[in-house]
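Dumped start_2.txt below, it's compact mmCIF, C-alpha atoms and all ligand atoms:
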# COMPACT_ATOMS: atom_id res chain seq x y z
CA MET A 1 -24.15 -10.36 12.37
CA VAL A 2 -27.78 -11.54 12.30
CA GLN A 3 -28.15 -15.25 12.94
CA SER A 4 -30.99 -17.43 11.71
CA ASN A 5 -31.91 -20.49 13.72
CA GLU A 6 -29.72 -23.01 11.96
CA LYS A 7 -27.32 -21.19 9.65
CA TYR A 8 -24.43 -18.99 10.64
CA LEU A 9 -24.51 -15.75 8.67
CA ILE A 10 -22.31 -12.77 7.96
CA GLU A 11 -24.74 -10.06 6.87
CA ASN A 12 -27.22 -12.12 4.83
CA ILE A 13 -24.70 -14.64 3.53
CA GLU A 14 -24.17 -18.14 4.87
CA VAL A 15 -20.64 -18.57 6.12
CA LEU A 16 -20.45 -22.15 4.82
CA LYS A 17 -21.33 -20.92 1.32
CA LEU A 18 -18.42 -18.48 1.54
CA THR A 19 -15.95 -21.16 2.61
CA GLU A 20 -17.22 -23.51 -0.12
CA LYS A 21 -16.69 -20.80 -2.70
CA TYR A 22 -13.37 -19.34 -1.54
CA GLY A 23 -11.87 -22.11 0.62
CA THR A 24 -10.26 -21.72 4.03
CA PRO A 25 -8.63 -19.95 5.71
CA LEU A 26 -10.40 -16.78 4.67
CA TYR A 27 -10.85 -13.19 5.83
CA VAL A 28 -14.34 -11.72 5.35
CA TYR A 29 -15.21 -8.04 5.87
CA SER A 30 -18.57 -6.29 6.10
CA ALA A 31 -18.83 -2.86 4.46
CA ASN A 32 -22.05 -2.16 6.40
CA LYS A 33 -20.35 -2.60 9.75
CA ILE A 34 -17.56 -0.18 8.84
CA GLU A 35 -20.14 2.36 7.72
CA SER A 36 -22.28 2.00 10.85
CA GLN A 37 -19.23 2.40 13.12
CA TYR A 38 -18.26 5.55 11.22
CA LYS A 39 -21.76 6.92 11.59
CA ARG A 40 -21.90 6.14 15.30
CA LEU A 41 -18.67 8.06 15.87
CA THR A 42 -19.62 11.10 13.80
CA ASP A 43 -23.13 11.19 15.35
CA ALA A 44 -21.58 11.23 18.82
CA PHE A 45 -19.57 14.33 17.90
CA SER A 46 -22.20 16.09 15.79
CA THR A 47 -21.94 19.35 17.77
CA THR A 48 -18.19 19.66 17.18
CA ASN A 49 -16.04 20.26 14.14
CA MET A 50 -14.77 16.67 14.28
CA LYS A 51 -12.79 14.90 11.55
CA VAL A 52 -12.00 11.21 11.32
CA ARG A 53 -8.57 10.09 10.11
CA TYR A 54 -8.77 6.30 9.77
CA ALA A 55 -5.55 4.69 11.09
CA CYS A 56 -5.08 2.51 8.06
CA LYS A 57 -2.37 0.27 9.49
CA ALA A 58 -5.28 -1.74 10.92
CA LEU A 59 -6.39 -2.85 7.44
CA THR A 60 -5.11 -1.43 4.16
CA ASN A 61 -6.89 -3.30 1.38
CA LEU A 62 -7.63 -0.59 -1.22
CA ASN A 63 -11.33 -1.46 -1.27
CA ILE A 64 -11.54 -0.92 2.48
CA LEU A 65 -9.79 2.43 2.02
CA LYS A 66 -12.35 3.36 -0.65
CA ILE A 67 -15.25 2.51 1.67
CA ILE A 68 -13.69 4.62 4.40
CA LYS A 69 -13.19 7.48 1.96
CA ARG A 70 -16.81 7.23 0.81
CA CYS A 71 -17.85 7.61 4.47
CA GLY A 72 -16.13 11.01 4.48
CA SER A 73 -13.03 10.09 6.45
CA GLY A 74 -9.39 11.03 5.96
CA LEU A 75 -6.41 8.78 6.72
CA ASP A 76 -3.78 8.41 9.38
CA THR A 77 -0.63 6.81 7.95
CA VAL A 78 2.64 5.61 9.46
CA SER A 79 4.80 4.79 6.42
CA ILE A 80 5.40 6.27 2.99
CA GLN A 81 3.90 3.07 1.58
CA GLU A 82 0.64 3.70 3.45
CA VAL A 83 0.62 7.28 2.15
CA THR A 84 0.99 5.89 -1.38
CA LEU A 85 -1.85 3.39 -0.86
CA GLY A 86 -4.05 6.22 0.43
CA LEU A 87 -3.38 8.32 -2.66
CA LYS A 88 -4.07 5.28 -4.86
CA ALA A 89 -7.42 4.80 -3.11
CA GLY A 90 -8.32 8.39 -4.04
CA PHE A 91 -7.66 10.36 -0.86
CA ASP A 92 -6.65 13.99 -1.26
CA PRO A 93 -3.20 14.56 0.32
CA LYS A 94 -4.86 17.24 2.48
CA GLU A 95 -6.96 14.52 4.12
CA ILE A 96 -3.91 12.42 5.04
CA ILE A 97 -1.84 12.80 8.18
CA PHE A 98 1.54 11.12 8.38
CA THR A 99 2.38 10.08 11.95
CA PRO A 100 5.40 7.83 11.78
CA ASN A 101 7.82 6.97 14.56
CA GLY A 102 11.55 6.53 14.27
CA ILE A 103 11.83 7.05 10.51
CA SER A 104 14.43 9.08 8.61
CA ILE A 105 14.15 12.74 7.61
CA ASP A 106 14.37 11.53 3.98
CA GLU A 107 11.11 9.57 4.26
CA ILE A 108 9.47 12.54 6.02
CA ASN A 109 10.58 14.86 3.22
CA GLU A 110 9.23 12.40 0.65
CA ALA A 111 5.82 12.48 2.35
CA ALA A 112 5.93 16.28 2.69
CA ALA A 113 6.56 16.55 -1.06
CA LEU A 114 3.34 14.58 -1.63
CA GLY A 115 1.43 17.25 0.28
CA VAL A 116 0.28 15.27 3.32
CA THR A 117 0.26 16.72 6.84
CA ILE A 118 3.46 15.79 8.64
CA ASN A 119 3.23 15.04 12.32
CA ILE A 120 6.62 15.04 14.04
CA ASP A 121 7.35 13.01 17.15
CA ASN A 122 10.92 13.86 18.16
CA ILE A 123 13.02 16.98 18.61
CA SER A 124 15.86 15.85 16.35
CA ILE A 125 13.57 15.60 13.30
CA LEU A 126 11.72 18.77 14.34
CA GLU A 127 15.00 20.64 14.24
CA GLN A 128 16.06 19.14 10.89
CA PHE A 129 12.66 19.80 9.33
CA GLY A 130 12.67 23.38 10.65
CA ASN A 131 16.18 24.00 9.31
CA GLN A 132 15.22 22.71 5.87
CA HIS A 133 11.73 24.15 5.44
CA GLY A 134 11.25 26.90 8.01
CA GLY A 135 7.58 27.85 8.08
CA SER A 136 6.86 26.88 4.45
CA ILE A 137 5.28 23.50 5.33
CA PRO A 138 2.93 23.65 8.35
CA ILE A 139 3.27 20.63 10.63
CA GLY A 140 1.75 18.87 13.59
CA ILE A 141 3.62 17.82 16.72
CA ARG A 142 3.02 14.60 18.61
CA ILE A 143 3.01 15.17 22.35
CA ASN A 144 3.53 12.44 24.92
CA PRO A 145 1.23 13.36 27.83
CA HIS A 146 2.52 10.55 30.08
CA ILE A 147 -0.85 9.00 30.68
CA MET A 148 -0.87 5.25 31.30
CA ALA A 149 -3.73 3.88 29.29
CA GLY A 150 -4.87 0.99 27.23
CA GLY A 151 -5.19 -2.76 27.12
CA ASN A 152 -1.60 -3.73 27.96
CA TYR A 153 1.97 -2.49 28.03
CA GLN A 154 2.73 -3.38 24.41
CA ILE A 155 -0.16 -1.38 23.01
CA SER A 156 -0.05 1.60 25.33
CA THR A 157 2.02 4.44 23.93
CA GLY A 158 1.65 7.43 26.26
CA HIS A 159 3.49 6.20 29.35
CA ILE A 160 6.86 7.45 30.65
CA ASP A 161 8.89 4.63 29.08
CA SER A 162 7.23 4.92 25.69
CA LYS A 163 9.23 5.76 22.56
CA PHE A 164 6.32 7.78 21.13
CA GLY A 165 5.88 11.54 21.04
CA ILE A 166 7.71 14.51 22.54
CA SER A 167 7.36 14.68 26.31
CA ILE A 168 5.25 17.51 27.70
CA HIS A 169 8.27 18.19 29.92
CA GLN A 170 10.26 19.12 26.80
CA LEU A 171 7.87 21.81 25.58
CA ARG A 172 10.30 24.60 26.34
CA HIS A 173 12.81 22.92 24.03
CA VAL A 174 10.11 22.55 21.34
CA GLU A 175 9.31 26.27 21.64
CA ARG A 176 12.99 27.08 21.25
CA VAL A 177 13.24 25.02 18.03
CA VAL A 178 10.01 26.51 16.66
CA GLU A 179 11.08 30.09 17.39
CA THR A 180 14.58 29.64 16.03
CA THR A 181 13.62 27.89 12.79
CA GLY A 182 10.31 29.70 12.15
CA LEU A 183 8.32 26.42 11.99
CA HIS A 184 4.57 26.79 11.52
CA VAL A 185 2.81 24.45 13.97
CA LYS A 186 -0.77 23.88 12.84
CA GLY A 187 -1.69 20.89 14.97
CA LEU A 188 -1.04 19.09 18.23
CA HIS A 189 -1.47 15.36 18.50
CA MET A 190 -1.50 12.63 21.09
CA HIS A 191 -2.27 8.93 20.91
CA THR A 192 -2.07 7.27 24.28
CA GLY A 193 -2.74 3.66 23.41
CA SER A 194 -5.28 1.13 22.30
CA GLU A 195 -8.38 -0.43 23.85
CA ILE A 196 -9.11 2.34 26.37
CA LEU A 197 -12.44 1.70 28.09
CA ASP A 198 -12.28 4.56 30.57
CA ILE A 199 -13.43 7.79 28.88
CA ASP A 200 -11.74 9.84 31.63
CA VAL A 201 -8.43 9.00 29.96
CA PHE A 202 -9.51 10.97 26.88
CA LEU A 203 -10.94 13.76 29.00
CA ARG A 204 -7.68 14.07 30.94
CA GLY A 205 -5.68 13.84 27.72
CA VAL A 206 -7.58 16.67 26.09
CA GLU A 207 -6.96 18.94 29.10
CA ILE A 208 -3.23 18.41 28.63
CA LEU A 209 -3.61 19.18 24.93
CA PHE A 210 -5.54 22.41 25.74
CA GLU A 211 -2.84 23.46 28.18
CA THR A 212 -0.19 22.83 25.52
CA ALA A 213 -2.23 24.54 22.80
CA ARG A 214 -2.16 27.84 24.71
CA GLY A 215 1.52 28.12 23.74
CA PHE A 216 0.84 27.68 19.98
CA PRO A 217 -1.14 30.56 18.41
CA ASN A 218 -1.50 29.20 14.82
CA LEU A 219 -3.30 25.91 15.39
CA GLN A 220 -5.96 24.46 13.09
CA PHE A 221 -6.50 21.09 14.74
CA LEU A 222 -6.11 19.09 17.92
CA ASP A 223 -5.74 15.37 17.27
CA LEU A 224 -6.64 12.99 20.08
CA GLY A 225 -5.45 9.89 18.26
CA SER A 226 -7.40 6.78 19.04
CA GLY A 227 -7.66 3.99 21.54
CA PHE A 228 -11.40 3.30 21.40
CA LYS A 229 -12.21 -0.16 22.63
CA VAL A 230 -14.71 -2.35 20.84
CA PRO A 231 -16.60 -5.22 22.50
CA LEU A 232 -14.68 -8.46 21.99
CA SER A 233 -17.44 -10.89 22.88
CA PRO A 234 -21.24 -10.71 23.11
CA ASP A 235 -21.07 -9.90 26.85
CA SER A 236 -18.14 -7.46 26.94
CA GLU A 237 -18.11 -3.68 26.75
CA GLY A 238 -16.66 -1.10 24.39
CA THR A 239 -15.84 2.57 24.92
CA ASP A 240 -19.01 4.57 25.55
CA ILE A 241 -18.67 6.74 22.45
CA GLU A 242 -21.91 8.67 23.05
CA SER A 243 -20.91 9.80 26.57
CA LEU A 244 -17.42 10.60 25.35
CA GLY A 245 -18.87 12.62 22.47
CA ALA A 246 -21.14 14.62 24.74
CA GLU A 247 -18.53 15.39 27.41
CA LEU A 248 -15.60 15.99 25.12
CA SER A 249 -17.54 18.17 22.66
CA GLU A 250 -18.61 20.48 25.45
CA LYS A 251 -15.04 20.88 26.72
CA PHE A 252 -13.70 21.27 23.20
CA ASN A 253 -16.20 23.91 22.13
CA ALA A 254 -15.53 25.89 25.32
CA PHE A 255 -11.79 25.72 24.64
CA CYS A 256 -12.23 26.99 21.06
CA LYS A 257 -14.03 30.07 22.42
CA GLU A 258 -11.17 30.73 24.80
CA TYR A 259 -8.55 30.09 22.10
CA GLY A 260 -10.36 32.49 19.79
CA ARG A 261 -10.66 30.19 16.79
CA GLU A 262 -12.80 27.26 15.59
CA LEU A 263 -10.37 24.37 15.80
CA GLU A 264 -10.93 20.94 14.31
CA LEU A 265 -11.01 17.93 16.62
CA TRP A 266 -9.38 14.92 14.96
CA PHE A 267 -9.55 11.24 15.85
CA GLU A 268 -7.59 8.39 14.30
CA PRO A 269 -9.58 5.22 14.93
CA GLY A 270 -8.25 1.98 13.48
CA LYS A 271 -9.77 -0.89 15.43
CA TYR A 272 -12.96 1.01 16.12
CA LEU A 273 -13.82 1.21 12.42
CA VAL A 274 -12.73 -2.20 11.15
CA SER A 275 -12.25 -4.71 13.97
CA GLU A 276 -15.82 -5.94 14.27
CA ALA A 277 -16.30 -5.76 10.50
CA GLY A 278 -13.88 -8.65 10.01
CA THR A 279 -14.28 -12.39 10.58
CA PHE A 280 -11.57 -14.96 10.03
CA LEU A 281 -12.80 -18.37 8.89
CA ALA A 282 -10.79 -21.55 9.29
CA LYS A 283 -11.50 -25.26 9.04
CA VAL A 284 -10.88 -27.78 11.80
CA ASN A 285 -8.29 -30.32 10.62
CA VAL A 286 -8.04 -32.38 13.79
CA VAL A 287 -9.84 -32.76 17.07
CA LYS A 288 -7.17 -34.07 19.40
CA GLN A 289 -7.88 -35.35 22.87
CA THR A 290 -4.78 -35.28 25.08
CA THR A 291 -4.58 -36.34 28.72
CA ALA A 292 -5.36 -32.79 29.80
CA THR A 293 -7.49 -31.07 27.18
CA VAL A 294 -9.22 -31.21 23.82
CA PHE A 295 -7.47 -29.35 21.01
CA ALA A 296 -9.34 -28.19 17.92
CA GLY A 297 -6.54 -27.79 15.38
CA ILE A 298 -7.40 -25.46 12.49
CA ASP A 299 -5.91 -24.95 9.03
CA SER A 300 -4.23 -21.68 10.01
CA GLY A 301 -1.91 -20.27 12.65
CA PHE A 302 -0.26 -17.14 13.99
CA ASN A 303 1.10 -16.63 10.50
CA HIS A 304 -2.43 -15.49 9.58
CA LEU A 305 -3.74 -14.02 12.83
CA ILE A 306 -1.06 -13.22 15.36
CA ARG A 307 -3.00 -11.21 17.95
CA PRO A 308 -3.76 -14.04 20.41
CA MET A 309 -0.12 -15.17 20.56
CA PHE A 310 1.41 -11.69 20.27
CA TYR A 311 -0.79 -9.65 22.60
CA ASN A 312 -2.67 -12.37 24.42
CA ALA A 313 -5.70 -10.86 22.65
CA TYR A 314 -9.14 -12.37 23.15
CA GLN A 315 -10.78 -13.44 19.89
CA HIS A 316 -14.34 -14.71 20.19
CA ILE A 317 -14.81 -18.01 18.34
CA VAL A 318 -18.03 -19.61 17.09
CA ASN A 319 -18.49 -22.97 15.40
CA ALA A 320 -20.20 -21.85 12.18
CA SER A 321 -20.96 -25.47 11.21
CA ASN A 322 -22.80 -26.11 14.48
CA PRO A 323 -23.66 -22.76 16.04
CA HIS A 324 -26.28 -24.06 18.48
CA GLY A 325 -24.77 -27.36 19.66
CA VAL A 326 -23.78 -28.51 23.12
CA GLN A 327 -21.09 -26.26 24.60
CA ARG A 328 -17.80 -28.05 25.23
CA ILE A 329 -14.38 -26.84 26.31
CA TYR A 330 -11.62 -26.54 23.72
CA THR A 331 -8.23 -25.08 23.16
CA VAL A 332 -8.20 -23.85 19.58
CA SER A 333 -4.72 -24.27 18.13
CA GLY A 334 -2.98 -23.51 14.86
CA TYR A 335 -0.78 -25.65 12.62
CA ILE A 336 2.45 -23.71 13.15
CA CYS A 337 5.32 -25.68 14.63
CA GLU A 338 5.43 -23.64 17.82
CA THR A 339 2.82 -23.17 20.52
CA ASP A 340 0.19 -21.46 18.49
CA ASN A 341 -3.17 -21.05 20.20
CA PHE A 342 -6.11 -18.88 19.21
CA ALA A 343 -8.03 -19.56 22.42
CA TRP A 344 -7.51 -21.41 25.66
CA ASP A 345 -10.22 -23.33 27.56
CA ARG A 346 -13.00 -21.84 25.49
CA LYS A 347 -16.64 -22.93 25.47
CA ILE A 348 -17.61 -23.61 21.86
CA SER A 349 -20.48 -25.61 20.34
CA GLU A 350 -19.36 -29.20 19.85
CA ILE A 351 -16.69 -29.39 17.15
CA LYS A 352 -16.24 -32.13 14.55
CA GLU A 353 -13.35 -32.43 12.13
CA GLY A 354 -14.21 -30.47 9.00
CA ASP A 355 -16.24 -27.84 10.86
CA VAL A 356 -15.66 -24.17 10.06
CA LEU A 357 -14.79 -21.86 12.96
CA ALA A 358 -15.58 -18.15 12.76
CA ILE A 359 -13.08 -16.00 14.63
CA HIS A 360 -14.57 -12.60 15.40
CA ASN A 361 -12.99 -9.12 15.57
CA ALA A 362 -10.48 -10.06 12.90
CA GLY A 363 -10.78 -6.93 10.76
CA ALA A 364 -8.07 -4.94 12.52
CA TYR A 365 -4.45 -6.14 12.67
CA GLY A 366 -5.50 -9.52 11.28
CA PHE A 367 -4.55 -9.88 7.63
CA GLU A 368 -2.39 -6.81 8.05
CA MET A 369 0.02 -8.52 10.46
CA SER A 370 0.05 -11.84 8.60
CA SER A 371 3.24 -13.43 7.31
CA ASN A 372 4.57 -16.37 5.33
CA TYR A 373 5.99 -18.20 8.34
CA ASN A 374 6.24 -21.97 7.77
CA SER A 375 6.21 -21.03 4.05
CA ARG A 376 2.43 -20.84 4.14
CA PRO A 377 0.70 -18.54 1.66
CA ARG A 378 -1.52 -15.79 3.08
CA PRO A 379 -5.32 -16.12 2.91
CA PRO A 380 -7.66 -14.31 0.53
CA GLU A 381 -9.88 -11.39 1.56
CA VAL A 382 -13.57 -11.12 0.72
CA LEU A 383 -15.73 -8.02 1.07
CA ILE A 384 -19.48 -8.17 1.59
CA MET A 385 -21.03 -5.05 0.13
CA ASP A 386 -24.64 -4.38 -0.90
CA GLY A 387 -25.55 -7.94 0.03
CA GLU A 388 -22.95 -9.55 -2.22
CA ASP A 389 -19.56 -11.11 -1.64
CA HIS A 390 -16.58 -9.88 -3.65
CA LEU A 391 -13.07 -11.29 -3.73
CA ILE A 392 -10.73 -8.37 -2.96
CA ARG A 393 -7.45 -10.25 -2.60
CA LYS A 394 -6.52 -13.58 -4.13
CA ARG A 395 -5.17 -16.43 -2.06
CA GLU A 396 -1.38 -16.38 -2.25
CA GLU A 397 0.55 -19.26 -3.72
CA LEU A 398 4.02 -20.56 -3.03
CA GLU A 399 5.07 -18.84 -6.28
CA ASP A 400 4.31 -15.45 -4.71
CA ASN A 401 6.66 -16.27 -1.88
CA LEU A 402 9.42 -17.42 -4.27
CA ARG A 403 9.14 -14.41 -6.56
CA ASN A 404 11.93 -12.41 -4.93
CA GLN A 405 14.28 -15.27 -4.19
CA ILE A 406 17.38 -15.47 -6.33
CA LEU A 407 18.48 -19.04 -6.84
CA LEU A 408 22.26 -19.19 -7.19
CA ASP A 409 23.79 -21.56 -9.65
CA PHE A 410 26.16 -23.80 -7.65
C1 LIG A 501 -2.17 2.56 15.56
C2 LIG A 501 -2.50 3.98 15.66
C3 LIG A 501 -3.84 4.38 15.75
C4 LIG A 501 -5.00 3.42 15.80
O1 LIG A 501 -5.11 2.68 16.97
P1 LIG A 501 -6.38 1.72 17.17
O2 LIG A 501 -6.21 1.14 18.50
O3 LIG A 501 -6.37 0.70 16.08
O4 LIG A 501 -7.60 2.56 17.06
C5 LIG A 501 -4.09 5.74 15.78
N1 LIG A 501 -3.09 6.67 15.72
C6 LIG A 501 -1.80 6.31 15.63
C7 LIG A 501 -0.76 7.36 15.55
C8 LIG A 501 -1.46 4.96 15.60
O5 LIG A 501 -0.17 4.61 15.52

Here is the file; what I need is its structure written in the form of structure tokens.
Amino acid sequence: MVQSNEKYLIENIEVLKLTEKYGTPLYVYSANKIESQYKRLTDAFSTTNMKVRYACKALTNLNILKIIKRCGSGLDTVSIQEVTLGLKAGFDPKEIIFTPNGISIDEINEAAALGVTINIDNISILEQFGNQHGGSIPIGIRINPHIMAGGNYQISTGHIDSKFGISIHQLRHVERVVETTGLHVKGLHMHTGSEILDIDVFLRGVEILFETARGFPNLQFLDLGSGFKVPLSPDSEGTDIESLGAELSEKFNAFCKEYGRELELWFEPGKYLVSEAGTFLAKVNVVKQTTATVFAGIDSGFNHLIRPMFYNAYQHIVNASNPHGVQRIYTVSGYICETDNFAWDRKISEIKEGDVLAIHNAGAYGFEMSSNYNSRPRPPEVLIMDGEDHLIRKREELEDNLRNQILLDF
């Protein structure tokens, strides 16, 4: 985001022009930012046979999927619906991995019939899949390495209490199922959490994956999942992708020599590719001084962006109508009839009613986790590509919400 002296810009476009044209609240995405993140990641791993599988649950608008595809990425999906969206966006089934948790064998079979790579995360399904298909459909297995990592308990997935993956302590049981059913295991996978700053977590994780891989002779890929952290404010840090790329590539290439085959190294970034590319714009309805604080109440709520209330996530907020004003302290709140804050005690340039606030890092798990709570329609999405803004999802109306209701005659 380049800023001129007075105007607040996304790419080269004035934010206030966007809100005039499309209204508020509004999600805006930058194609350039997605592309530059993709390039940074692939550059960091240029000495390795590395493949990106974008974890599309972060943001599934078809146009975003098309941009990601154009970059050269595949997809990581967690539901049959996401698989279908991926195919609609033009991905080859071979470029899609299906890594669900806790779904039925029927949905897994449906995905397998579409030709995507199935990644299995529990022994019950492994056994059922093996009994039904034997070695005819090669699969991946999700391992739980029991590494505690990531921003907080809700978003870390590799720890001992986690529901994800098959424990490394159950590998003997996995071997037994594989041998008995003739399953063809072509990949091993782990995903230990989100927002991991410490690159040693990945380096430790990959050692566990190497150790496990020695017991599986037919592998094509090792998938390290994701968990890259992106900077959340101008003075915070993200994962050092370049150091990670250098250290991990060296280890990986050495392991391939030992294993006797050129394996592929897969990553499944979600946030890393789309978080910073997205900005959520909302208008201030009320500035309300209470005895204890000043609330800036915006025309949105956790129905549109739930991360602050759900995960206590930090979202950087800038007053786009007055980007260089005097800094004052605000609590930015939503209009939902429950405590519904976007930020607590935050320094923001002086806010007047009618101002537009730009909420950063809203590309990942923003629109995607939105709902119709309080019967509010969901916001539109706009994509900035080649210097122009394009509407890529219309603003919902109450009619959309009513469409599936059946009004009884009584
Ligand atoms: C959610 C998820 C990801 C992406 O996580 P981010 O923190 O958004 O990068 C990757 N892999 C799997 C299996 C996931 O469930």

- Item | Nearby polymer residues, ligand LIG 501 (chain A), at most 8 Å, all atoms listed in the file, as a VMD selection string | chain A and resid 54 to 58 76 to 78 99 to 100 155 190 to 191 193 to 195 225 to 229 267 to 273 364 to 365

Could you dump the residues just selected with C-alpha atoms as a PDB file, keeping the file's coordinate frame?
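Just written: again_30.pdb:
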ATOM      1  CA  TYR A  54      -8.770   6.300   9.770  1.00  0.00           C
ATOM      2  CA  ALA A  55      -5.550   4.690  11.090  1.00  0.00           C
ATOM      3  CA  CYS A  56      -5.080   2.510   8.060  1.00  0.00           C
ATOM      4  CA  LYS A  57      -2.370   0.270   9.490  1.00  0.00           C
ATOM      5  CA  ALA A  58      -5.280  -1.740  10.920  1.00  0.00           C
ATOM      6  CA  ASP A  76      -3.780   8.410   9.380  1.00  0.00           C
ATOM      7  CA  THR A  77      -0.630   6.810   7.950  1.00  0.00           C
ATOM      8  CA  VAL A  78       2.640   5.610   9.460  1.00  0.00           C
ATOM      9  CA  THR A  99       2.380  10.080  11.950  1.00  0.00           C
ATOM     10  CA  PRO A 100       5.400   7.830  11.780  1.00  0.00           C
ATOM     11  CA  ILE A 155      -0.160  -1.380  23.010  1.00  0.00           C
ATOM     12  CA  MET A 190      -1.500  12.630  21.090  1.00  0.00           C
ATOM     13  CA  HIS A 191      -2.270   8.930  20.910  1.00  0.00           C
ATOM     14  CA  GLY A 193      -2.740   3.660  23.410  1.00  0.00           C
ATOM     15  CA  SER A 194      -5.280   1.130  22.300  1.00  0.00           C
ATOM     16  CA  GLU A 195      -8.380  -0.430  23.850  1.00  0.00           C
ATOM     17  CA  GLY A 225      -5.450   9.890  18.260  1.00  0.00           C
ATOM     18  CA  SER A 226      -7.400   6.780  19.040  1.00  0.00           C
ATOM     19  CA  GLY A 227      -7.660   3.990  21.540  1.00  0.00           C
ATOM     20  CA  PHE A 228     -11.400   3.300  21.400  1.00  0.00           C
ATOM     21  CA  LYS A 229     -12.210  -0.160  22.630  1.00  0.00           C
ATOM     22  CA  PHE A 267      -9.550  11.240  15.850  1.00  0.00           C
ATOM     23  CA  GLU A 268      -7.590   8.390  14.300  1.00  0.00           C
ATOM     24  CA  PRO A 269      -9.580   5.220  14.930  1.00  0.00           C
ATOM     25  CA  GLY A 270      -8.250   1.980  13.480  1.00  0.00           C
ATOM     26  CA  LYS A 271      -9.770  -0.890  15.430  1.00  0.00           C
ATOM     27  CA  TYR A 272     -12.960   1.010  16.120  1.00  0.00           C
ATOM     28  CA  LEU A 273     -13.820   1.210  12.420  1.00  0.00           C
ATOM     29  CA  ALA A 364      -8.070  -4.940  12.520  1.00  0.00           C
ATOM     30  CA  TYR A 365      -4.450  -6.140  12.670  1.00  0.00           C
TER      31      TYR A 365
END

- Any idea what's packed within 12 Å of Ile64 (chain A), counting all atoms listed in the file, ignoring anything in its chain fewer than 3 positions away? Could you give it as a PyMOL selection string? chain A and resi 28-35+54-61+67-71+73+75+85-86+89-90+270+273-274+277-278+363-364+381-385+390+392-393

The selected residues should be written to file as a tab-separated table (two decimals), keeping the file's coordinate frame (atoms: C-alpha atoms).
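Wrote result-v3.tsv, looks like this:
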chain	number	residue	atom	x	y	z
A	28	VAL	CA	-14.34	-11.72	5.35
A	29	TYR	CA	-15.21	-8.04	5.87
A	30	SER	CA	-18.57	-6.29	6.10
A	31	ALA	CA	-18.83	-2.86	4.46
A	32	ASN	CA	-22.05	-2.16	6.40
A	33	LYS	CA	-20.35	-2.60	9.75
A	34	ILE	CA	-17.56	-0.18	8.84
A	35	GLU	CA	-20.14	2.36	7.72
A	54	TYR	CA	-8.77	6.30	9.77
A	55	ALA	CA	-5.55	4.69	11.09
A	56	CYS	CA	-5.08	2.51	8.06
A	57	LYS	CA	-2.37	0.27	9.49
A	58	ALA	CA	-5.28	-1.74	10.92
A	59	LEU	CA	-6.39	-2.85	7.44
A	60	THR	CA	-5.11	-1.43	4.16
A	61	ASN	CA	-6.89	-3.30	1.38
A	67	ILE	CA	-15.25	2.51	1.67
A	68	ILE	CA	-13.69	4.62	4.40
A	69	LYS	CA	-13.19	7.48	1.96
A	70	ARG	CA	-16.81	7.23	0.81
A	71	CYS	CA	-17.85	7.61	4.47
A	73	SER	CA	-13.03	10.09	6.45
A	75	LEU	CA	-6.41	8.78	6.72
A	85	LEU	CA	-1.85	3.39	-0.86
A	86	GLY	CA	-4.05	6.22	0.43
A	89	ALA	CA	-7.42	4.80	-3.11
A	90	GLY	CA	-8.32	8.39	-4.04
A	270	GLY	CA	-8.25	1.98	13.48
A	273	LEU	CA	-13.82	1.21	12.42
A	274	VAL	CA	-12.73	-2.20	11.15
A	277	ALA	CA	-16.30	-5.76	10.50
A	278	GLY	CA	-13.88	-8.65	10.01
A	363	GLY	CA	-10.78	-6.93	10.76
A	364	ALA	CA	-8.07	-4.94	12.52
A	381	GLU	CA	-9.88	-11.39	1.56
A	382	VAL	CA	-13.57	-11.12	0.72
A	383	LEU	CA	-15.73	-8.02	1.07
A	384	ILE	CA	-19.48	-8.17	1.59
A	385	MET	CA	-21.03	-5.05	0.13
A	390	HIS	CA	-16.58	-9.88	-3.65
A	392	ILE	CA	-10.73	-8.37	-2.96
A	393	ARG	CA	-7.45	-10.25	-2.60

- Determine the nearest neighbour of Leu9 (chain A) from the options A:Leu62, A:Ala313, A:Met50, A:Ala320, counting only C-alpha atoms.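 So, comparing all the options, the nearest one is A:Ala320.
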
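When all atoms listed in the file are used to measure the gap to Tyr259 (chain A), the shortest distance among A:Lys283, A:Lys7, A:Lys288, A:Arg214 belongs to A:Arg214.
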
- Report the distance between CA of Leu224 (chain A) and CA of Leu188 (chain A) in Å, rounded to one decimal place.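 Straight-line distance from CA of Leu224 (chain A) to CA of Leu188 (chain A) works out to 8.5 Å.
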
Near region 343-346 of chain A, within 8 Å and counting all atoms listed in the file, which residues show up once chain neighbours fewer than 2 positions away are dropped, as a compact mmCIF listing (two decimals) with C-alpha atoms, in the frame of the given file?
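Resulting contents of out02.txt:
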# COMPACT_ATOMS: atom_id res chain seq x y z
CA PRO A 308 -3.76 -14.04 20.41
CA TYR A 314 -9.14 -12.37 23.15
CA GLN A 315 -10.78 -13.44 19.89
CA ARG A 328 -17.80 -28.05 25.23
CA ILE A 329 -14.38 -26.84 26.31
CA TYR A 330 -11.62 -26.54 23.72
CA THR A 331 -8.23 -25.08 23.16
CA VAL A 332 -8.20 -23.85 19.58
CA SER A 333 -4.72 -24.27 18.13
CA ASN A 341 -3.17 -21.05 20.20
CA ILE A 348 -17.61 -23.61 21.86

Could you give me, as a CSV table (one decimal) with C-alpha atoms, keeping the file's coordinate frame, the residues within 6 Å of Leu183 (chain A), counting only C-alpha atoms and dropping anything in the same chain fewer than 3 positions from it?
chain,number,residue,atom,x,y,z
A,130,GLY,CA,12.7,23.4,10.6
A,134,GLY,CA,11.2,26.9,8.0
A,135,GLY,CA,7.6,27.8,8.1
A,178,VAL,CA,10.0,26.5,16.7
